Each structure stands twice: as structure tokens, then as C-alpha cells.
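Here is the file coords.cif (mmCIF, C-alpha atoms).
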```
data_structure
loop_
_atom_site.label_atom_id
_atom_site.label_comp_id
_atom_site.auth_asym_id
_atom_site.auth_seq_id
_atom_site.Cartn_x
_atom_site.Cartn_y
_atom_site.Cartn_z
CA MET A 1162 -8.09 3.19 -20.39
CA LYS A 1163 -11.17 2.56 -18.26
CA THR A 1164 -13.08 5.22 -16.36
CA ILE A 1165 -12.18 4.63 -12.72
CA GLY A 1166 -14.20 6.06 -9.84
CA PHE A 1167 -13.15 6.45 -6.19
CA ILE A 1168 -15.65 6.10 -3.35
CA GLY A 1169 -13.85 7.45 -0.32
CA VAL A 1170 -11.41 10.27 -1.01
CA GLY A 1171 -9.00 10.01 1.90
CA GLU A 1172 -5.22 9.72 2.05
CA LEU A 1173 -5.11 6.42 0.14
CA ALA A 1174 -7.05 7.83 -2.80
CA LEU A 1175 -4.94 10.99 -2.63
CA TYR A 1176 -1.55 9.31 -2.92
CA THR A 1177 -2.76 6.70 -5.41
CA ILE A 1178 -4.23 9.28 -7.79
CA ARG A 1179 -1.18 11.52 -7.48
CA GLY A 1180 1.02 8.52 -8.25
CA VAL A 1181 -0.83 7.17 -11.28
CA ARG A 1182 -1.24 10.63 -12.79
CA ARG A 1183 2.46 11.37 -12.37
CA GLY A 1184 3.15 7.92 -13.82
CA GLY A 1185 1.19 8.65 -16.98
CA TYR A 1186 -2.34 7.30 -16.39
CA ARG A 1187 -4.64 9.46 -18.51
CA GLY A 1188 -7.98 7.68 -18.14
CA PRO A 1189 -10.96 9.51 -16.61
CA VAL A 1190 -10.95 9.54 -12.78
CA LEU A 1191 -14.19 10.26 -10.92
CA LEU A 1192 -14.45 11.14 -7.23
CA SER A 1193 -17.13 10.92 -4.57
CA PRO A 1194 -17.85 14.35 -3.04
CA ARG A 1195 -17.77 13.60 0.67
CA ASN A 1196 -14.25 14.87 1.38
CA ARG A 1197 -14.79 18.08 -0.52
CA ASP A 1198 -11.41 19.72 0.08
CA LYS A 1199 -9.37 16.72 -1.08
CA ALA A 1200 -11.75 16.04 -3.97
CA ALA A 1201 -11.59 19.67 -5.13
CA MET A 1202 -7.78 19.67 -4.96
CA LEU A 1203 -7.55 16.42 -6.96
CA ALA A 1204 -10.02 17.76 -9.52
CA GLU A 1205 -8.00 20.94 -10.00
CA GLN A 1206 -4.48 19.53 -9.91
CA TYR A 1207 -4.86 15.97 -11.23
CA ASP A 1208 -7.62 16.17 -13.82
CA CYS A 1209 -10.37 14.40 -11.85
CA ALA A 1210 -14.12 14.99 -11.89
CA VAL A 1211 -16.13 15.25 -8.67
CA GLN A 1212 -19.54 13.54 -8.84
CA VAL A 1213 -22.73 14.57 -7.03
CA ASP A 1214 -22.85 11.42 -4.89
CA ASN A 1215 -21.55 7.86 -4.57
CA GLN A 1216 -24.19 6.44 -6.89
CA SER A 1217 -23.09 8.82 -9.64
CA VAL A 1218 -19.57 7.44 -9.27
CA VAL A 1219 -20.91 3.92 -9.77
CA ASP A 1220 -23.18 4.91 -12.66
CA ASN A 1221 -20.35 6.53 -14.62
CA SER A 1222 -17.41 4.21 -13.88
CA GLU A 1223 -16.27 0.95 -15.41
CA CYS A 1224 -14.05 0.29 -12.39
CA VAL A 1225 -15.19 1.43 -8.94
CA VAL A 1226 -12.58 1.74 -6.18
CA ILE A 1227 -13.94 1.35 -2.67
CA ALA A 1228 -11.52 3.26 -0.43
CA THR A 1229 -13.56 3.90 2.71
CA ARG A 1230 -12.63 3.00 6.26
CA PRO A 1231 -13.08 -0.74 6.95
CA ALA A 1232 -15.98 -0.07 9.33
CA ASP A 1233 -17.89 1.82 6.61
CA CYS A 1234 -17.14 -0.42 3.64
CA MET A 1235 -19.99 -2.94 3.71
CA ALA A 1236 -22.77 -0.45 4.47
CA THR A 1237 -21.50 1.88 1.75
CA LEU A 1238 -21.49 -0.88 -0.88
CA ALA A 1239 -24.88 -2.24 0.19
CA ALA A 1240 -26.46 1.17 -0.47
CA LEU A 1241 -25.26 1.30 -4.09
CA ASN A 1242 -26.66 -0.16 -7.31
CA PHE A 1243 -24.02 -1.82 -9.50
CA LYS A 1244 -24.41 -3.03 -13.07
CA PRO A 1245 -23.36 -6.50 -14.27
CA GLY A 1246 -19.90 -6.42 -15.80
CA GLN A 1247 -18.54 -3.68 -13.56
CA LEU A 1248 -15.24 -4.14 -11.74
CA LEU A 1249 -15.00 -3.41 -8.01
CA LEU A 1250 -11.49 -2.71 -6.76
CA SER A 1251 -11.25 -2.82 -2.98
CA VAL A 1252 -8.33 -1.17 -1.21
CA VAL A 1253 -10.02 -1.65 2.18
CA ALA A 1254 -7.88 -3.59 4.64
CA GLY A 1255 -9.28 -6.70 6.30
CA VAL A 1256 -12.43 -7.18 4.19
CA GLU A 1257 -12.27 -10.33 2.06
CA ILE A 1258 -13.79 -10.91 -1.36
CA GLU A 1259 -16.47 -13.29 -0.05
CA GLN A 1260 -17.69 -10.56 2.31
CA LEU A 1261 -17.73 -7.97 -0.48
CA LEU A 1262 -19.66 -10.26 -2.82
CA SER A 1263 -22.33 -10.81 -0.17
CA VAL A 1264 -23.63 -7.25 -0.65
CA LEU A 1265 -23.14 -7.05 -4.43
CA PRO A 1266 -25.36 -8.27 -7.27
CA ASP A 1267 -24.29 -11.14 -9.49
CA GLY A 1268 -21.92 -10.38 -12.33
CA ILE A 1269 -19.53 -8.05 -10.46
CA GLU A 1270 -15.82 -8.86 -10.56
CA VAL A 1271 -14.03 -8.05 -7.31
CA ILE A 1272 -10.28 -7.44 -6.99
CA ARG A 1273 -8.34 -6.46 -3.88
CA ALA A 1274 -5.23 -4.26 -3.88
CA MET A 1275 -2.99 -2.78 -1.20
CA PRO A 1276 -1.05 0.29 -2.42
CA VAL A 1277 1.05 2.25 0.07
CA SER A 1278 1.85 5.95 0.22
CA SER A 1279 5.10 5.59 -1.74
CA ALA A 1280 2.71 5.39 -4.73
CA GLU A 1281 2.95 9.16 -5.03
CA ALA A 1282 6.71 8.76 -5.51
CA GLY A 1283 6.11 6.04 -8.10
CA ALA A 1284 7.42 3.35 -5.76
CA SER A 1285 4.50 1.38 -4.29
CA PRO A 1286 4.87 -2.42 -4.32
CA THR A 1287 1.14 -3.05 -4.72
CA LEU A 1288 -0.24 -6.45 -3.78
CA ILE A 1289 -3.18 -7.61 -5.97
CA TYR A 1290 -5.60 -10.53 -5.61
CA PRO A 1291 -6.66 -12.06 -7.89
CA ASP A 1292 -4.68 -10.94 -10.91
CA ASN A 1293 -6.47 -8.62 -13.30
CA GLU A 1294 -4.90 -7.07 -16.38
CA PHE A 1295 -6.40 -3.59 -15.94
CA VAL A 1296 -5.69 -3.41 -12.18
CA ARG A 1297 -2.14 -4.65 -12.67
CA ALA A 1298 -1.47 -2.06 -15.39
CA PHE A 1299 -3.13 0.70 -13.33
CA PHE A 1300 -0.80 0.20 -10.36
CA GLU A 1301 2.24 -0.15 -12.61
CA HIS A 1302 1.80 3.60 -13.12
CA CYS A 1303 2.76 4.20 -9.47
CA GLY A 1304 5.26 1.43 -8.73
CA ASN A 1305 5.17 -2.30 -9.34
CA SER A 1306 2.21 -4.68 -9.15
CA ILE A 1307 2.56 -7.97 -7.27
CA PRO A 1308 -0.35 -10.29 -8.15
CA VAL A 1309 -0.95 -13.37 -6.00
CA ASP A 1310 -3.25 -16.33 -6.62
CA ASN A 1311 -4.30 -16.98 -3.02
CA GLU A 1312 -6.20 -14.63 -0.72
CA ALA A 1313 -4.30 -15.96 2.28
CA TYR A 1314 -1.12 -14.69 0.63
CA PHE A 1315 -2.77 -11.30 0.23
CA THR A 1316 -3.82 -11.19 3.89
CA GLN A 1317 -0.35 -12.11 5.12
CA GLY A 1318 1.24 -9.66 2.71
CA SER A 1319 -1.04 -6.90 3.96
CA VAL A 1320 0.89 -6.98 7.24
CA LEU A 1321 3.86 -5.61 5.32
CA ALA A 1322 1.86 -2.53 4.35
CA CYS A 1323 1.98 -1.71 8.06
CA VAL A 1324 5.65 -2.66 8.39
CA TYR A 1325 6.28 -0.12 5.61
CA CYS A 1326 4.99 2.59 7.97
CA TRP A 1327 7.29 1.44 10.79
CA PHE A 1328 10.36 1.93 8.61
CA PHE A 1329 9.90 5.71 8.83
CA THR A 1330 10.16 5.65 12.62
CA LEU A 1331 13.27 3.48 12.34
CA PHE A 1332 14.76 5.96 9.86
CA ASP A 1333 13.99 8.84 12.21
CA ASN A 1334 15.73 7.09 15.10
CA LEU A 1335 18.79 6.34 12.98
CA ILE A 1336 18.98 9.96 11.80
CA GLU A 1337 18.73 11.21 15.38
CA ALA A 1338 21.37 8.72 16.56
CA THR A 1339 23.92 9.61 13.87
CA SER A 1340 23.49 13.35 13.36
CA GLY A 1341 25.17 16.05 15.39
CA PRO A 1342 28.13 18.47 15.18
CA ASP A 1343 30.11 16.02 13.03
CA LEU A 1344 27.24 15.11 10.69
CA PRO A 1345 24.40 17.55 9.91
CA ALA A 1346 20.90 16.05 10.10
CA PRO A 1347 20.11 16.61 6.37
CA LEU A 1348 23.25 14.69 5.37
CA SER A 1349 22.50 11.96 7.91
CA ALA A 1350 18.97 11.68 6.50
CA GLU A 1351 20.30 11.37 2.95
CA LEU A 1352 22.69 8.63 4.05
CA VAL A 1353 20.12 6.74 6.12
CA MET A 1354 17.58 6.68 3.29
CA GLY A 1355 20.25 5.94 0.71
CA MET A 1356 21.61 3.01 2.74
CA ALA A 1357 18.08 1.63 3.20
CA ARG A 1358 17.41 1.88 -0.53
CA GLY A 1359 20.80 0.32 -1.31
CA ALA A 1360 20.19 -2.58 1.05
CA ALA A 1361 16.77 -3.22 -0.49
CA GLU A 1362 18.14 -3.06 -4.04
CA LEU A 1363 20.94 -5.51 -3.21
CA ALA A 1364 18.53 -7.92 -1.49
CA LEU A 1365 16.24 -7.79 -4.54
CA ALA A 1366 19.19 -8.32 -6.89
CA LYS A 1367 20.27 -11.33 -4.81
CA SER A 1368 16.76 -12.68 -4.25
CA GLU A 1369 18.08 -16.25 -4.15
CA THR A 1370 20.16 -15.37 -1.05
CA PRO A 1371 18.42 -14.89 2.33
CA PRO A 1372 18.93 -11.30 3.58
CA ALA A 1373 20.41 -12.61 6.85
CA GLU A 1374 23.07 -14.39 4.80
CA ILE A 1375 23.90 -11.15 2.99
CA ALA A 1376 24.25 -9.43 6.39
CA ALA A 1377 26.54 -12.20 7.65
CA GLY A 1378 28.73 -11.75 4.60
CA ILE A 1379 29.12 -8.04 5.39
CA ALA A 1380 29.35 -8.25 9.20
CA THR A 1381 32.45 -10.45 9.32
CA GLU A 1382 34.66 -10.95 12.37
CA GLY A 1383 36.44 -7.79 13.46
CA THR A 1384 34.21 -5.36 11.53
CA PHE A 1385 32.27 -2.49 13.03
CA SER A 1386 29.16 -3.84 11.26
CA LYS A 1387 29.42 -7.06 13.28
CA LEU A 1388 30.04 -5.14 16.51
CA GLY A 1389 26.76 -3.27 16.12
CA LEU A 1390 24.79 -6.22 14.76
CA ASP A 1391 25.88 -8.42 17.67
CA LEU A 1392 24.65 -5.78 20.14
CA LEU A 1393 21.27 -5.62 18.38
CA HIS A 1394 20.94 -9.41 18.56
CA GLN A 1395 22.01 -9.47 22.23
CA ASN A 1396 19.28 -6.96 23.03
CA ARG A 1397 16.69 -8.94 21.04
CA ALA A 1398 16.12 -5.82 18.93
CA PHE A 1399 14.48 -7.68 16.06
CA GLU A 1400 12.04 -9.81 18.06
CA PRO A 1401 9.52 -6.99 18.75
CA TRP A 1402 9.21 -6.53 14.96
CA ARG A 1403 8.28 -10.20 14.61
CA GLU A 1404 5.84 -9.91 17.52
CA ALA A 1405 4.21 -6.82 15.99
CA CYS A 1406 3.75 -8.68 12.68
CA GLU A 1407 2.20 -11.63 14.50
CA LEU A 1408 -0.19 -9.29 16.34
CA LEU A 1409 -1.39 -7.78 13.07
CA GLN A 1410 -1.82 -11.22 11.51
CA LYS A 1411 -4.03 -12.27 14.44
CA GLN A 1412 -6.12 -9.11 14.07
CA LEU A 1413 -6.58 -9.67 10.33
CA THR A 1414 -7.58 -13.30 10.94
CA ALA A 1415 -10.03 -12.22 13.64
CA SER A 1416 -11.67 -9.66 11.33
CA LYS A 1417 -12.08 -12.38 8.70
CA GLN A 1418 -13.96 -14.60 11.15
CA GLU A 1419 -16.34 -11.87 12.35
#
```

Conversion result in C-alpha cells:
Amino acid sequence: MKTIGFIGVGELALYTIRGVRRGGYRGPVLLSPRNRDKAAMLAEQYDCAVQVDNQSVVDNSECVVIATRPADCMATLAALNFKPGQLLLSVVAGVEIEQLLSVLPDGIEVIRAMPVSSAEAGASPTLIYPDNEFVRAFFEHCGNSIPVDNEAYFTQGSVLACVYCWFFTLFDNLIEATSGPDLPAPLSAELVMGMARGAAELALAKSETPPAEIAAGIATEGTFSKLGLDLLHQNRAFEPWREACELLQKQLTASKQE
């Protein structure tokens, strides 16, 4: 297992490290010191080592993870001295490989990945571009790795990392709408999350069948499922989701052109 170092110890580093450690990754993990509270907690609870500064992370790591905010990414990398043969793993949204390479010396391999917070539950579907054996295996410790061979696929797929966040608000609304005197909120929550997981598992198991076709097979004439689904369609309930995805895609394309 390679020594992997994190520059930027925010929420993404937190849930990724928790996830891979719980999933059995035992390689050395080094941390930049800037977020001292999170770094100290990870060092104590998840067998990580806090370094004196960012350069020390680079000096002592075979794989360096850049996990800063997008606005800080390029300046942070430009201030560091990398060695030929090192691997840079970027989990920074909206910054493409060509941009990253522009501030790095020759001989650095750059991989992008997009884990989500379900990593700490061992359930992150992590997009990777381009494929890399170590990176793929690393994220298999906290879910499943999904390598793609085109950066445009990665950019479009990154939108779904935001859609993932929206699901929680949808779940909350469904729990609120279905809980009450006849159904306690904890039981409603268990059912809502269980139904969501069940729907996803069935759609994955029937990957050759479009999800809308699966829904049509369930929501047949005269069923309560069709009654509710028809109302959602009549109120154009799904169109704002499409519009939100299109908005994010435009923003990601605009950041690429800047």
C-alpha cells in the first residue's frame, strides 16, 4: 500500500479517510496541519500522521491528494515542489487535468476522483478519470470505483455528486409527509430510506431496463402508485431536477473555459 497524503483536511478528507480505514486500508496516511482539529481527530482515531506543512506531505507521500476548495487549488499546488514519479489525486470539483498539469513539473501522473460522503458508510460510488490501479483499489475500500476513459464523462458525472446531496432533502420531505399519529417518524424514516435503497438495488439489477419502464410496470392502471405518479407528472415535479442538473453542467463547463 502506498503512503497517501492529504492536502486540505476538510469534510471530504474526513469522510474518505473514515471510509477507507473502516474498509480495511492500512497504508500510511499523512495530513496537512491547517485544519488542526480535524487533523488531530483523524490522527488519534484513524491512525494518521499530521505533518508540519504541505510540503512535508508532498515530500513523504507517494500519492498526494489535493482536497482544497476549488478557488485555492491551483495556488496551493503551484507553491509545492513535487518529485517525478509521484501521483497527484485531485478530488477538487471543476478543475481539469490540463489545468492541474500547468502548475506541476514533468513526470507527475494526475488522476481525478469524486467520492461522496457515503464513503464513510462504505457506499460511495466514486468516479475516477483516468483509470489507475492504486486509486481504483483505494476507493474500493469505501464503496465502488467507477473508472471512465473520457474527462467529459467525468465532468458530466460530477453533477450526480450534487444530485446525491439533494436526495437527503427529498427523503426529509417524504418522511415529513408520511409520518404522524399513525406512523412514527423513526419508522417512516426507516421505510423511506429502505424503499430508496430497494429501488436503487432493483434498478441496478435490471440495468438493461430503463428506470421509467420499471416504474411503469409497477404503477399500472388502478394502482395507488399510478395515482401518485400521475399527480407528480401533472405538476411537472421532475422537471426542476433536470433543470438543476443542466444549471450545474453549465457552471462546470464555464469553469473549464475560464

Check what the PyMOL selection byres ((chain A and resi 1304-1317) around 7) selects in the file above and give those residues as a ChimeraX atom specification. /A:1280,1283-1292,1297,1300-1303,1318-1320,1410

Would you write out those residues with C-alpha atoms, as a PDB file, keeping the file's coordinate frame?
```pdb
ATOM      1  CA  ALA A1280       2.710   5.390  -4.730  1.00  0.00           C
ATOM      2  CA  GLY A1283       6.110   6.040  -8.100  1.00  0.00           C
ATOM      3  CA  ALA A1284       7.420   3.350  -5.760  1.00  0.00           C
ATOM      4  CA  SER A1285       4.500   1.380  -4.290  1.00  0.00           C
ATOM      5  CA  PRO A1286       4.870  -2.420  -4.320  1.00  0.00           C
ATOM      6  CA  THR A1287       1.140  -3.050  -4.720  1.00  0.00           C
ATOM      7  CA  LEU A1288      -0.240  -6.450  -3.780  1.00  0.00           C
ATOM      8  CA  ILE A1289      -3.180  -7.610  -5.970  1.00  0.00           C
ATOM      9  CA  TYR A1290      -5.600 -10.530  -5.610  1.00  0.00           C
ATOM     10  CA  PRO A1291      -6.660 -12.060  -7.890  1.00  0.00           C
ATOM     11  CA  ASP A1292      -4.680 -10.940 -10.910  1.00  0.00           C
ATOM     12  CA  ARG A1297      -2.140  -4.650 -12.670  1.00  0.00           C
ATOM     13  CA  PHE A1300      -0.800   0.200 -10.360  1.00  0.00           C
ATOM     14  CA  GLU A1301       2.240  -0.150 -12.610  1.00  0.00           C
ATOM     15  CA  HIS A1302       1.800   3.600 -13.120  1.00  0.00           C
ATOM     16  CA  CYS A1303       2.760   4.200  -9.470  1.00  0.00           C
ATOM     17  CA  GLY A1318       1.240  -9.660   2.710  1.00  0.00           C
ATOM     18  CA  SER A1319      -1.040  -6.900   3.960  1.00  0.00           C
ATOM     19  CA  VAL A1320       0.890  -6.980   7.240  1.00  0.00           C
ATOM     20  CA  GLN A1410      -1.820 -11.220  11.510  1.00  0.00           C
TER      21      GLN A1410
END
```

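Among A:Thr1330, A:Leu1175, A:Arg1403, A:Thr1370, the residue with the shortest atom-to-atom distance to Gln1206 in chain A, counting only C-alpha atoms, is A:Leu1175.
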
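For the set A:Cys1323, A:Ile1227, A:Ala1360, A:Ala1254, the residue with the smallest atom-to-atom gap to Glu1407 in chain A is A:Cys1323, counting all atoms listed in the file.
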
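You will find CA of Arg1273 in chain A at 9.1 Å from CA of Val1256 in chain A.
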
Tell me, as a PDB file with C-alpha atoms, in the frame of the given file, which residues lie within 12 Å of Asp1198 in chain A, counting all atoms listed in the file; anything in the same chain fewer than 3 positions away does not count.
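part15.pdb was written with the following content:
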```
ATOM      1  CA  VAL A1170     -11.410  10.270  -1.010  1.00  0.00           C
ATOM      2  CA  GLY A1171      -9.000  10.010   1.900  1.00  0.00           C
ATOM      3  CA  GLU A1172      -5.220   9.720   2.050  1.00  0.00           C
ATOM      4  CA  LEU A1175      -4.940  10.990  -2.630  1.00  0.00           C
ATOM      5  CA  LEU A1192     -14.450  11.140  -7.230  1.00  0.00           C
ATOM      6  CA  SER A1193     -17.130  10.920  -4.570  1.00  0.00           C
ATOM      7  CA  PRO A1194     -17.850  14.350  -3.040  1.00  0.00           C
ATOM      8  CA  ARG A1195     -17.770  13.600   0.670  1.00  0.00           C
ATOM      9  CA  ALA A1201     -11.590  19.670  -5.130  1.00  0.00           C
ATOM     10  CA  MET A1202      -7.780  19.670  -4.960  1.00  0.00           C
ATOM     11  CA  LEU A1203      -7.550  16.420  -6.960  1.00  0.00           C
ATOM     12  CA  ALA A1204     -10.020  17.760  -9.520  1.00  0.00           C
ATOM     13  CA  GLU A1205      -8.000  20.940 -10.000  1.00  0.00           C
ATOM     14  CA  VAL A1211     -16.130  15.250  -8.670  1.00  0.00           C
TER      15      VAL A1211
END
```

Report as lines of an AutoDock Vina configuration file the centre and the edge lengths, in Å to one decimal, of the axis-aligned box holding every listed atom of range 1253-1269 of chain A, padded by 4 Å on each side.
```
center_x = -16.6
center_y = -7.5
center_z = -3.0
size_x = 25.5
size_y = 19.6
size_z = 26.6
```

Can you tell me, as a PyMOL selection string, what residues are no more than 12 Å from Gln1216 in chain A when counting only C-alpha atoms, ignoring any on the same chain fewer than 6 positions away? chain A and resi 1166-1168+1191-1194+1222+1225+1237-1244

Would you mind exporting the chosen residues as a short mmCIF file (atom, residue, chain, number, x, y, z; two decimals), in the coordinates of the input, restricted to C-alpha atoms?
```cif
data_model
loop_
_atom_site.label_atom_id
_atom_site.label_comp_id
_atom_site.auth_asym_id
_atom_site.auth_seq_id
_atom_site.Cartn_x
_atom_site.Cartn_y
_atom_site.Cartn_z
CA GLY A 1166 -14.20 6.06 -9.84
CA PHE A 1167 -13.15 6.45 -6.19
CA ILE A 1168 -15.65 6.10 -3.35
CA LEU A 1191 -14.19 10.26 -10.92
CA LEU A 1192 -14.45 11.14 -7.23
CA SER A 1193 -17.13 10.92 -4.57
CA PRO A 1194 -17.85 14.35 -3.04
CA SER A 1222 -17.41 4.21 -13.88
CA VAL A 1225 -15.19 1.43 -8.94
CA THR A 1237 -21.50 1.88 1.75
CA LEU A 1238 -21.49 -0.88 -0.88
CA ALA A 1239 -24.88 -2.24 0.19
CA ALA A 1240 -26.46 1.17 -0.47
CA LEU A 1241 -25.26 1.30 -4.09
CA ASN A 1242 -26.66 -0.16 -7.31
CA PHE A 1243 -24.02 -1.82 -9.50
CA LYS A 1244 -24.41 -3.03 -13.07
#
```

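Candidate residues A:Asp1208, A:Thr1164, A:Gly1359, A:Gly1255 were compared for distance to Arg1230 in chain A, and the nearest is A:Gly1255, using all atoms listed in the file.
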
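Taken over the whole file, the PyMOL selection byres ((chain A and resi 1163) around 7) covers exactly Met1162, Thr1164, Ile1165, Gly1188, Glu1223 and Cys1224 of chain A.
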
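Restricting the calculation to all atoms listed in the file, the smallest distance between Ala1405 in chain A and any of A:Leu1321, A:Cys1234, A:Leu1248, A:Ile1269 is found for A:Leu1321.
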
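What the PyMOL selection byres ((chain A and resi 1173) around 10) grabs from this file is Gly1169, Val1170, Gly1171, Glu1172, Ala1174, Leu1175, Tyr1176, Thr1177, Ile1178, Arg1179, Ala1228, Thr1229, Val1252, Val1253, Met1275, Pro1276, Val1277, Ser1278, Ala1280 and Glu1281 of chain A.
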
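Proximity to Thr1414 in chain A was assessed for A:Glu1257, A:Gly1378, A:Leu1393, A:Ser1279 counting all atoms listed in the file; the smallest distance is recorded for A:Glu1257.
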
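Separating CA of Cys1406 in chain A from CA of Cys1326 in chain A is a distance of 12.3 Å.
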
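Between CA of Glu1270 in chain A and CA of Asn1293 in chain A the interatomic distance comes to 9.7 Å.
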
Can you pull out every residue within 10 Å of Asp1333 in chain A, counting only C-alpha atoms, but drop anything in the same chain fewer than 6 positions away, and send it as a VMD selection string? chain A and resid 1350 1353 to 1354

Counting only C-alpha atoms, select every polymer residue within 12 Å of (21.9, 10.5, 10.2) as defined in the file's coordinates, and provide the selection as a PyMOL selection string. chain A and resi 1331-1357

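Restricting the calculation to all atoms listed in the file, the smallest distance between Trp1327 in chain A and any of A:Arg1187, A:Gln1212, A:Ala1415, A:Trp1402 is found for A:Trp1402.
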
Would you mind completing range 1306-1320 of chain A so that it carries N, CA and C atoms, and writing it out as a PDB file, keeping the file's coordinate frame?
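The result, stored in result_38.pdb:
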```pdb
ATOM      1  N   SER A1306       3.321  -3.836  -9.590  1.00  0.00           N
ATOM      2  CA  SER A1306       2.210  -4.680  -9.150  1.00  0.00           C
ATOM      3  C   SER A1306       2.718  -6.071  -8.798  1.00  0.00           C
ATOM      4  N   ILE A1307       2.172  -6.632  -7.712  1.00  0.00           N
ATOM      5  CA  ILE A1307       2.560  -7.970  -7.270  1.00  0.00           C
ATOM      6  C   ILE A1307       1.298  -8.816  -7.149  1.00  0.00           C
ATOM      7  N   PRO A1308       0.854  -9.464  -8.228  1.00  0.00           N
ATOM      8  CA  PRO A1308      -0.350 -10.290  -8.150  1.00  0.00           C
ATOM      9  C   PRO A1308      -0.079 -11.611  -7.445  1.00  0.00           C
ATOM     10  N   VAL A1309      -1.036 -12.065  -6.657  1.00  0.00           N
ATOM     11  CA  VAL A1309      -0.950 -13.370  -6.000  1.00  0.00           C
ATOM     12  C   VAL A1309      -2.212 -14.159  -6.337  1.00  0.00           C
ATOM     13  N   ASP A1310      -2.125 -15.491  -6.232  1.00  0.00           N
ATOM     14  CA  ASP A1310      -3.250 -16.330  -6.620  1.00  0.00           C
ATOM     15  C   ASP A1310      -3.940 -16.985  -5.428  1.00  0.00           C
ATOM     16  N   ASN A1311      -3.718 -16.426  -4.231  1.00  0.00           N
ATOM     17  CA  ASN A1311      -4.300 -16.980  -3.020  1.00  0.00           C
ATOM     18  C   ASN A1311      -4.609 -15.827  -2.069  1.00  0.00           C
ATOM     19  N   GLU A1312      -5.841 -15.759  -1.579  1.00  0.00           N
ATOM     20  CA  GLU A1312      -6.200 -14.630  -0.720  1.00  0.00           C
ATOM     21  C   GLU A1312      -5.474 -14.667   0.615  1.00  0.00           C
ATOM     22  N   ALA A1313      -5.086 -15.867   1.053  1.00  0.00           N
ATOM     23  CA  ALA A1313      -4.300 -15.960   2.280  1.00  0.00           C
ATOM     24  C   ALA A1313      -2.943 -15.285   2.108  1.00  0.00           C
ATOM     25  N   TYR A1314      -2.356 -15.396   0.897  1.00  0.00           N
ATOM     26  CA  TYR A1314      -1.120 -14.690   0.630  1.00  0.00           C
ATOM     27  C   TYR A1314      -1.334 -13.184   0.732  1.00  0.00           C
ATOM     28  N   PHE A1315      -2.457 -12.725   0.201  1.00  0.00           N
ATOM     29  CA  PHE A1315      -2.770 -11.300   0.230  1.00  0.00           C
ATOM     30  C   PHE A1315      -2.902 -10.809   1.677  1.00  0.00           C
ATOM     31  N   THR A1316      -3.616 -11.586   2.499  1.00  0.00           N
ATOM     32  CA  THR A1316      -3.820 -11.190   3.890  1.00  0.00           C
ATOM     33  C   THR A1316      -2.489 -11.105   4.636  1.00  0.00           C
ATOM     34  N   GLN A1317      -1.650 -12.130   4.462  1.00  0.00           N
ATOM     35  CA  GLN A1317      -0.350 -12.110   5.120  1.00  0.00           C
ATOM     36  C   GLN A1317       0.502 -10.963   4.597  1.00  0.00           C
ATOM     37  N   GLY A1318       0.464 -10.746   3.295  1.00  0.00           N
ATOM     38  CA  GLY A1318       1.240  -9.660   2.710  1.00  0.00           C
ATOM     39  C   GLY A1318       0.768  -8.290   3.153  1.00  0.00           C
ATOM     40  N   SER A1319      -0.513  -8.180   3.506  1.00  0.00           N
ATOM     41  CA  SER A1319      -1.040  -6.900   3.960  1.00  0.00           C
ATOM     42  C   SER A1319      -0.360  -6.420   5.235  1.00  0.00           C
ATOM     43  N   VAL A1320       0.147  -7.357   6.035  1.00  0.00           N
ATOM     44  CA  VAL A1320       0.890  -6.980   7.240  1.00  0.00           C
ATOM     45  C   VAL A1320       2.067  -6.088   6.873  1.00  0.00           C
TER      46      VAL A1320
END
```
